[in-house]
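Source file: final.csv; contents: CSV, C-alpha atoms.
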```csv
chain,number,residue,atom,x,y,z
A,52,MET,CA,131.9,90.0,105.6
A,53,THR,CA,131.0,91.9,108.7
A,54,LYS,CA,128.2,94.1,107.7
A,55,LYS,CA,124.7,93.0,108.6
A,56,VAL,CA,121.9,92.6,106.1
A,57,GLU,CA,119.1,95.1,106.5
A,58,ALA,CA,117.5,94.0,109.8
A,59,SER,CA,113.9,95.0,108.8
A,60,ALA,CA,114.0,92.8,105.7
A,61,ALA,CA,116.1,89.9,107.0
A,62,SER,CA,113.2,87.6,107.7
A,63,ARG,CA,110.7,89.0,105.2
A,64,GLY,CA,109.7,87.0,102.2
A,65,VAL,CA,110.1,83.6,103.9
A,66,LEU,CA,106.7,82.3,105.1
A,67,TYR,CA,108.1,79.5,107.3
A,68,PRO,CA,111.6,80.5,108.4
A,69,ALA,CA,112.0,77.6,110.8
A,70,ARG,CA,111.7,75.1,107.9
A,71,LEU,CA,114.7,76.6,106.1
A,72,PRO,CA,117.9,74.7,105.6
A,73,THR,CA,121.1,76.4,106.4
A,74,PHE,CA,120.5,79.9,105.0
A,75,HIS,CA,122.6,83.0,104.8
A,76,ARG,CA,122.0,86.5,103.4
A,77,GLU,CA,125.1,88.7,103.0
A,78,PRO,CA,125.1,92.3,101.8
A,79,ALA,CA,126.8,93.3,98.6
A,80,GLY,CA,130.1,95.1,98.9
A,81,GLN,CA,130.4,98.8,98.2
A,82,GLY,CA,131.3,98.3,94.6
A,83,LEU,CA,128.0,96.6,93.9
A,84,ALA,CA,125.7,98.6,96.2
A,85,ALA,CA,123.9,100.1,93.3
A,86,PHE,CA,123.3,96.7,91.7
A,87,VAL,CA,122.7,94.0,94.3
A,88,ARG,CA,120.7,94.2,97.5
A,89,TRP,CA,122.2,91.1,99.0
A,90,PHE,CA,123.5,87.6,98.2
A,91,TRP,CA,121.7,84.6,99.6
A,92,ILE,CA,123.0,81.1,100.0
A,93,PRO,CA,120.9,78.1,101.1
A,94,GLU,CA,122.6,74.7,101.7
A,95,TRP,CA,120.7,71.5,102.4
A,96,ASP,CA,121.3,67.9,103.2
A,97,ILE,CA,117.9,66.1,103.4
A,98,GLU,CA,117.8,62.5,104.4
A,99,PRO,CA,116.8,60.0,101.6
A,100,GLY,CA,113.1,59.7,101.0
A,101,ARG,CA,112.3,63.1,102.6
A,102,ALA,CA,111.8,66.6,101.2
A,103,SER,CA,111.6,70.1,102.7
A,104,ARG,CA,109.1,72.4,101.2
A,105,GLN,CA,110.1,76.1,101.2
A,106,HIS,CA,107.3,78.7,100.8
A,107,VAL,CA,108.3,82.2,99.7
A,108,VAL,CA,106.6,85.5,98.8
A,109,GLY,CA,109.5,87.1,97.1
A,110,PHE,CA,110.7,90.6,96.9
A,111,PRO,CA,109.6,92.4,93.7
A,112,ALA,CA,112.9,91.9,91.9
A,113,CYS,CA,114.9,89.5,89.7
A,114,ASN,CA,117.4,87.0,91.1
A,115,LEU,CA,120.5,85.8,89.4
A,116,VAL,CA,121.1,82.3,90.7
A,117,VAL,CA,123.9,79.7,90.3
A,118,GLU,CA,122.9,76.1,91.1
A,119,ASN,CA,123.9,72.6,89.8
A,120,GLY,CA,126.5,74.0,87.5
A,121,VAL,CA,124.2,76.4,85.7
A,122,ALA,CA,123.1,80.0,86.0
A,123,GLY,CA,119.6,81.3,85.7
A,124,ILE,CA,117.5,84.4,86.3
A,125,ALA,CA,114.2,84.2,88.2
A,126,GLY,CA,111.9,87.1,87.4
A,127,PRO,CA,109.7,89.1,89.7
A,128,THR,CA,106.7,87.2,91.1
A,129,THR,CA,103.1,88.1,91.4
A,130,ARG,CA,102.2,85.4,93.9
A,131,ALA,CA,103.8,83.1,96.5
A,132,SER,CA,105.8,80.1,95.3
A,133,HIS,CA,107.3,77.0,96.8
A,134,ARG,CA,110.1,74.6,96.1
A,135,ASP,CA,110.7,71.1,97.4
A,136,LEU,CA,114.3,70.5,98.4
A,137,SER,CA,115.7,67.0,98.5
A,138,GLY,CA,119.1,65.3,98.7
A,139,LYS,CA,122.1,67.5,99.1
A,140,GLY,CA,122.8,70.8,97.4
A,141,TRP,CA,123.3,74.5,97.5
A,142,ALA,CA,122.4,77.6,95.6
A,143,VAL,CA,124.0,81.1,95.4
A,144,GLY,CA,121.8,83.9,94.4
A,145,ALA,CA,122.0,87.7,94.0
A,146,LEU,CA,118.9,89.8,94.7
A,147,LEU,CA,119.2,92.3,91.9
A,148,LEU,CA,118.4,95.9,92.2
A,149,PRO,CA,116.6,97.5,89.2
A,150,ALA,CA,119.8,99.1,87.9
A,151,ALA,CA,121.2,95.6,87.4
A,152,ALA,CA,118.1,93.9,86.2
A,153,ALA,CA,117.9,96.3,83.2
A,154,VAL,CA,121.4,95.4,82.2
A,155,LEU,CA,121.1,91.7,82.5
A,156,VAL,CA,117.5,91.2,81.3
A,157,ALA,CA,116.3,92.5,78.0
A,158,ASP,CA,112.6,92.5,79.0
A,159,VAL,CA,112.1,92.3,82.8
A,160,ALA,CA,108.3,92.0,82.4
A,161,ALA,CA,108.6,89.0,80.1
A,162,LEU,CA,110.3,87.1,83.0
A,163,ARG,CA,107.4,87.7,85.4
A,164,ASP,CA,106.7,84.5,87.3
A,165,ALA,CA,109.3,82.7,85.2
A,166,TYR,CA,112.8,81.4,85.3
A,167,ARG,CA,115.3,81.3,82.4
A,168,ARG,CA,118.7,79.7,82.2
A,169,VAL,CA,121.4,82.0,81.0
A,170,ASP,CA,124.7,81.3,79.3
A,171,TYR,CA,127.1,82.5,82.0
A,172,PRO,CA,129.6,79.6,82.1
A,173,GLU,CA,132.4,81.6,83.8
A,174,LEU,CA,130.1,82.7,86.6
A,175,ALA,CA,128.7,79.2,87.1
A,176,ALA,CA,132.2,77.6,87.1
A,177,ALA,CA,133.7,80.2,89.5
A,178,VAL,CA,130.8,80.0,92.1
A,179,GLY,CA,130.6,76.2,91.8
A,180,ALA,CA,134.4,75.8,92.4
A,181,ALA,CA,134.1,77.9,95.6
A,182,MET,CA,131.0,76.1,96.9
A,183,ASN,CA,132.4,72.6,96.2
A,184,ASP,CA,135.7,73.3,97.8
A,185,GLU,CA,136.7,71.4,101.0
A,186,ALA,CA,137.2,74.6,102.9
A,187,PRO,CA,135.0,75.3,106.0
A,188,PRO,CA,131.5,76.5,105.1
A,189,PRO,CA,132.0,80.2,106.0
A,190,GLU,CA,135.1,80.3,103.8
A,191,ARG,CA,133.3,78.6,100.9
A,192,ARG,CA,130.5,81.1,101.1
A,193,ARG,CA,132.9,84.1,101.2
A,194,ALA,CA,134.8,82.7,98.2
A,195,ALA,CA,131.5,82.1,96.3
A,196,ILE,CA,130.3,85.7,96.9
A,197,SER,CA,133.7,87.1,96.0
A,198,ALA,CA,133.6,85.2,92.7
A,199,PHE,CA,130.0,86.3,92.1
A,200,THR,CA,130.9,89.9,92.9
A,201,ASP,CA,133.9,89.9,90.5
A,202,TRP,CA,131.8,88.6,87.7
A,203,LEU,CA,129.1,91.2,88.2
A,204,TYR,CA,131.5,94.1,88.7
A,205,ASP,CA,133.2,93.3,85.3
A,206,ARG,CA,129.8,93.0,83.5
A,207,LEU,CA,127.6,95.8,85.0
A,208,GLY,CA,129.8,98.9,84.6
A,209,THR,CA,128.4,102.2,85.9
A,210,PRO,CA,124.7,102.5,86.8
A,211,SER,CA,122.6,104.9,84.8
A,212,GLU,CA,120.9,107.9,86.5
A,213,GLU,CA,117.5,106.4,85.5
A,214,GLY,CA,118.6,103.1,87.0
A,215,LEU,CA,119.5,104.8,90.3
A,216,LEU,CA,116.1,106.5,90.3
A,217,ALA,CA,114.5,103.1,89.9
A,218,ASN,CA,116.5,101.8,92.8
A,219,ARG,CA,115.3,104.7,95.0
A,220,MET,CA,111.7,104.0,93.9
A,221,VAL,CA,112.0,100.3,95.0
A,222,ALA,CA,113.8,101.2,98.2
A,223,ALA,CA,111.1,103.8,99.1
A,224,ALA,CA,108.2,101.4,98.3
A,225,ASP,CA,109.9,98.7,100.4
A,226,ALA,CA,110.9,100.7,103.5
A,227,ASP,CA,108.5,103.6,103.9
A,228,SER,CA,105.2,102.5,105.5
A,229,ALA,CA,103.8,106.0,105.0
A,230,LEU,CA,103.7,105.4,101.2
A,231,LEU,CA,100.3,103.9,100.6
A,232,SER,CA,99.7,104.7,97.0
A,233,VAL,CA,101.4,105.3,93.7
A,234,THR,CA,100.8,109.0,94.1
A,235,ASP,CA,102.5,109.0,97.5
A,236,LEU,CA,105.5,107.2,95.9
A,237,ALA,CA,105.7,109.7,93.0
A,238,GLU,CA,105.5,112.7,95.4
A,239,HIS,CA,108.2,111.1,97.6
A,240,LEU,CA,110.5,110.9,94.5
A,241,HIS,CA,109.5,114.3,93.2
A,242,VAL,CA,108.4,112.8,89.8
A,243,SER,CA,105.2,112.2,88.0
A,244,VAL,CA,102.9,109.2,88.5
A,245,ARG,CA,103.6,108.4,84.8
A,246,THR,CA,107.4,108.4,85.5
A,247,VAL,CA,106.9,105.9,88.4
A,248,GLN,CA,104.8,103.7,86.2
A,249,ARG,CA,107.4,103.7,83.4
A,250,LEU,CA,110.2,103.0,85.8
A,251,ALA,CA,108.4,100.1,87.3
A,252,ALA,CA,107.5,98.6,84.0
A,253,LYS,CA,111.1,98.9,82.6
A,254,TYR,CA,113.2,98.1,85.7
A,255,VAL,CA,111.0,95.9,87.8
A,256,GLY,CA,108.4,94.2,85.5
A,257,LEU,CA,105.5,94.9,87.9
A,258,PRO,CA,103.1,97.8,88.4
A,259,PRO,CA,104.3,100.3,91.0
A,260,ALA,CA,101.2,99.5,93.2
A,261,ALA,CA,102.4,95.9,93.4
A,262,LEU,CA,105.7,97.1,95.1
A,263,ILE,CA,103.7,98.7,97.9
A,264,ARG,CA,101.3,95.8,98.3
A,265,ARG,CA,104.2,93.3,98.5
A,266,ARG,CA,105.9,95.3,101.3
A,267,ARG,CA,102.6,95.4,103.3
A,268,LEU,CA,101.9,91.7,102.7
A,269,GLN,CA,105.4,90.7,103.8
A,270,GLU,CA,105.1,92.8,106.9
A,271,ALA,CA,101.7,91.4,107.7
A,272,ALA,CA,103.0,87.8,107.4
A,273,GLU,CA,106.1,88.7,109.5
A,274,GLN,CA,104.1,90.2,112.3
A,275,LEU,CA,101.8,87.2,112.4
A,276,ARG,CA,104.8,84.9,112.6
A,277,GLN,CA,106.1,86.9,115.6
A,278,ASN,CA,102.7,87.2,117.3
A,279,PRO,CA,100.0,84.9,115.9
A,280,SER,CA,97.4,86.3,118.4
A,281,LEU,CA,97.5,89.8,116.7
A,282,ASP,CA,94.0,91.3,116.1
A,283,LEU,CA,93.7,91.2,112.3
A,284,ALA,CA,91.6,94.4,112.1
A,285,ALA,CA,94.2,96.3,114.0
A,286,LEU,CA,97.0,94.8,111.9
A,287,ALA,CA,95.2,95.8,108.7
A,288,HIS,CA,94.8,99.4,110.0
A,289,GLU,CA,98.5,99.6,111.1
A,290,LEU,CA,99.7,98.5,107.6
A,291,GLY,CA,97.4,101.0,105.8
A,292,TYR,CA,94.7,98.6,104.5
A,293,ALA,CA,91.3,100.0,104.3
A,294,ASP,CA,89.9,97.2,106.5
A,295,HIS,CA,90.4,93.6,107.5
A,296,ALA,CA,88.7,92.4,104.3
A,297,HIS,CA,91.3,94.1,102.1
A,298,LEU,CA,94.1,92.5,104.1
A,299,THR,CA,92.4,89.1,103.7
A,300,ASN,CA,91.9,89.6,100.0
A,301,ASP,CA,95.5,90.5,99.5
A,302,PHE,CA,96.6,87.4,101.4
A,303,ARG,CA,94.2,85.1,99.5
A,304,THR,CA,95.2,86.5,96.1
A,305,THR,CA,98.9,86.4,96.6
A,306,LEU,CA,99.5,83.6,99.0
A,307,GLY,CA,96.5,81.4,98.4
A,308,PHE,CA,95.2,81.4,101.9
A,309,THR,CA,93.8,83.9,104.5
A,310,PRO,CA,95.7,85.5,107.4
A,311,SER,CA,93.6,83.3,109.8
A,312,LYS,CA,94.7,80.1,108.1
A,313,TYR,CA,98.3,81.3,107.9
A,314,ARG,CA,98.5,81.8,111.6
A,315,LEU,CA,96.9,78.5,112.3
A,316,SER,CA,99.6,76.9,110.3
A,317,LEU,CA,102.4,78.4,112.4
A,318,PRO,CA,103.9,76.6,115.4
A,319,ALA,CA,102.6,77.5,118.8
A,320,GLY,CA,104.1,80.8,119.9
A,321,GLY,CA,104.9,81.9,116.4
A,322,GLU,CA,107.9,81.2,114.3
A,323,PRO,CA,111.2,83.1,114.5
A,324,GLY,CA,112.8,84.6,111.5
A,325,PRO,CA,116.0,83.1,110.0
```
Could you show the structure in this file as structure tokens?
Amino acid sequence: MTKKVEASAASRGVLYPARLPTFHREPAGQGLAAFVRWFWIPEWDIEPGRASRQHVVGFPACNLVVENGVAGIAGPTTRASHRDLSGKGWAVGALLLPAAAAVLVADVAALRDAYRRVDYPELAAAVGAAMNDEAPPPERRRAAISAFTDWLYDRLGTPSEEGLLANRMVAAADADSALLSVTDLAEHLHVSVRTVQRLAAKYVGLPPAALIRRRRLQEAAEQLRQNPSLDLAALAHELGYADHAHLTNDFRTTLGFTPSKYRLSLPAGGEPGP
């Protein structure tokens, strides 16, 4: 694949990118552009007796993941999470857009902060065969994404108009820093606030305000990684927070620590994105 993943989002969501194992994000092909934002593939080989802890504040979405011969769906998160990697392994995931989540998940809100195994043996087998092949890593990853794409394409069909509207809602909340409230988001989409609330509940599983907060929080963390000496009051103002205290409260509620503690935990000079 030659297209690049959205540059503005490529390092967001990962709190300590330098600690990642081999990690790739690849955009979905044109046939899946309405259903998948990107595919992501971590691969790791941790020496015996050690572990690598990965901290993530995820995008407000579901992920369909194949790992260890099984498929599962991770729902949208309300807080940061972590996972300890050990031994040798891989995972292949698809960051689902709302139009896909509504097809694959009966009740998106019921999966909030949860993971559920799903009975997709053909998907697990095809992706597993590609990743366990003896081909060079880039070829294995391409084959795995191709198998994942074929499976999704056969299952998802044509996106609904409402699903596409939900996609636009999430894209706007994620990318437009001028949207600071649910009212702003509704006006941007030329729909009512009630419609935005209904779309978020049905297709994302989180309140629409959470979509805006997540983007601002991810951006705050990314800017602190790039420049730990940033003035927090100025950063809060730039991202649309009422003041420094609101930024700190958002950090503490979602991540479990303050911006000050986060930047103290970063390597000297900041931490580059993946």
(request) Considering all atoms listed in the file, return as number ranges by chain whatever protein or nucleic-acid residues lie within 10 Å of range 213-230 of chain A, sequence-local ones (same chain, fewer than 2 positions apart) excluded. (result) A: 59-60, 85-86, 88, 110-112, 147-154, 209-211, 232-240, 242, 246-247, 249-251, 253-255, 259-267, 269-270, 289-291
Report as CSV the residues of range 150-191 of chain A within 12 Å of range 89-103 of chain A, each with its shortest atom pair and distance in Å (one decimal), using all atoms listed in the file, ordered by chain and increasing residue number.
```
residue,atom,partner,partner_atom,distance
A:Val178,CA,A:Ile92,CA,11.2
A:Met182,CA,A:Glu94,CA,9.8
A:Asn183,CA,A:Glu94,CA,11.4
A:Pro188,CA,A:Glu94,CA,9.7
A:Pro189,CA,A:Ile92,CA,10.9
A:Arg191,CA,A:Ile92,CA,10.6
```
(message) Using only C-alpha atoms, can you tell me which of A:Ala122, A:Leu66, A:Leu283, A:Ala293 comes closest to Tyr171 in chain A?
(response)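 Looking at the shortest contact to Tyr171 in chain A, the residue is A:Ala122.
Going from CA of Leu275 in chain A over to CA of Ala131 in chain A, you cover 16.5 Å.
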(message) Measuring between only C-alpha atoms, which one of A:Val143, A:Leu162, A:Val108, A:Ala157 shows the shortest distance to Ile124 in chain A?
(response) A:Leu162
Which residues come within 12 Å of Ala176 in chain A, counting all atoms listed in the file, excluding same-chain residues fewer than 3 positions away, as a PDB file with C-alpha atoms, in the coordinates of the input?
```
ATOM      1  CA  VAL A 117     123.900  79.700  90.300  1.00  0.00           C
ATOM      2  CA  GLU A 118     122.900  76.100  91.100  1.00  0.00           C
ATOM      3  CA  ASN A 119     123.900  72.600  89.800  1.00  0.00           C
ATOM      4  CA  GLY A 120     126.500  74.000  87.500  1.00  0.00           C
ATOM      5  CA  VAL A 121     124.200  76.400  85.700  1.00  0.00           C
ATOM      6  CA  ALA A 122     123.100  80.000  86.000  1.00  0.00           C
ATOM      7  CA  ASP A 170     124.700  81.300  79.300  1.00  0.00           C
ATOM      8  CA  TYR A 171     127.100  82.500  82.000  1.00  0.00           C
ATOM      9  CA  PRO A 172     129.600  79.600  82.100  1.00  0.00           C
ATOM     10  CA  GLU A 173     132.400  81.600  83.800  1.00  0.00           C
ATOM     11  CA  GLY A 179     130.600  76.200  91.800  1.00  0.00           C
ATOM     12  CA  ALA A 180     134.400  75.800  92.400  1.00  0.00           C
ATOM     13  CA  ALA A 181     134.100  77.900  95.600  1.00  0.00           C
ATOM     14  CA  MET A 182     131.000  76.100  96.900  1.00  0.00           C
ATOM     15  CA  ASN A 183     132.400  72.600  96.200  1.00  0.00           C
ATOM     16  CA  ALA A 195     131.500  82.100  96.300  1.00  0.00           C
ATOM     17  CA  ALA A 198     133.600  85.200  92.700  1.00  0.00           C
ATOM     18  CA  PHE A 199     130.000  86.300  92.100  1.00  0.00           C
ATOM     19  CA  TRP A 202     131.800  88.600  87.700  1.00  0.00           C
TER      20      TRP A 202
END
```
(request) Provide the CA of Arg134 in chain A to CA of Arg104 in chain A distance in Å, to one decimal place. (result) 5.6 Å
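The residue that comes closest to Val87 in chain A, out of A:Leu281, A:Leu231, A:Leu315, A:Leu115 and on the basis of all atoms listed in the file, is A:Leu115.
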(message) Report, in Å with one decimal, the straight-line distance from CA of Glu185 in chain A to CA of Ala142 in chain A.
(response)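 Spanning CA of Glu185 in chain A to CA of Ala142 in chain A is a straight-line distance of 16.5 Å.
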(request) May I ask which of the residues A:Val107, A:Leu257, A:Ala145, A:Ala186 is the closest one to Asp158 in chain A, counting all atoms listed in the file? (result) A:Leu257
Edge lengths and centre in Å to one decimal, as AutoDock Vina command-line options, is what I'm after for the box along x, y and z that holds all listed atoms of range 287-298 of chain A once 6 Å is added on each side.
```
--center_x 94.2 --center_y 96.7 --center_z 106.6 --size_x 23.0 --size_y 20.6 --size_z 21.0
```
(message) Just checking: using all atoms listed in the file, which residue out of A:Arg206, A:Arg76, A:Arg168, A:Arg63 ends up closest to His106 in chain A?
(response)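 Between A:Arg206, A:Arg76, A:Arg168, A:Arg63, the residue approaching His106 in chain A most closely is A:Arg63.
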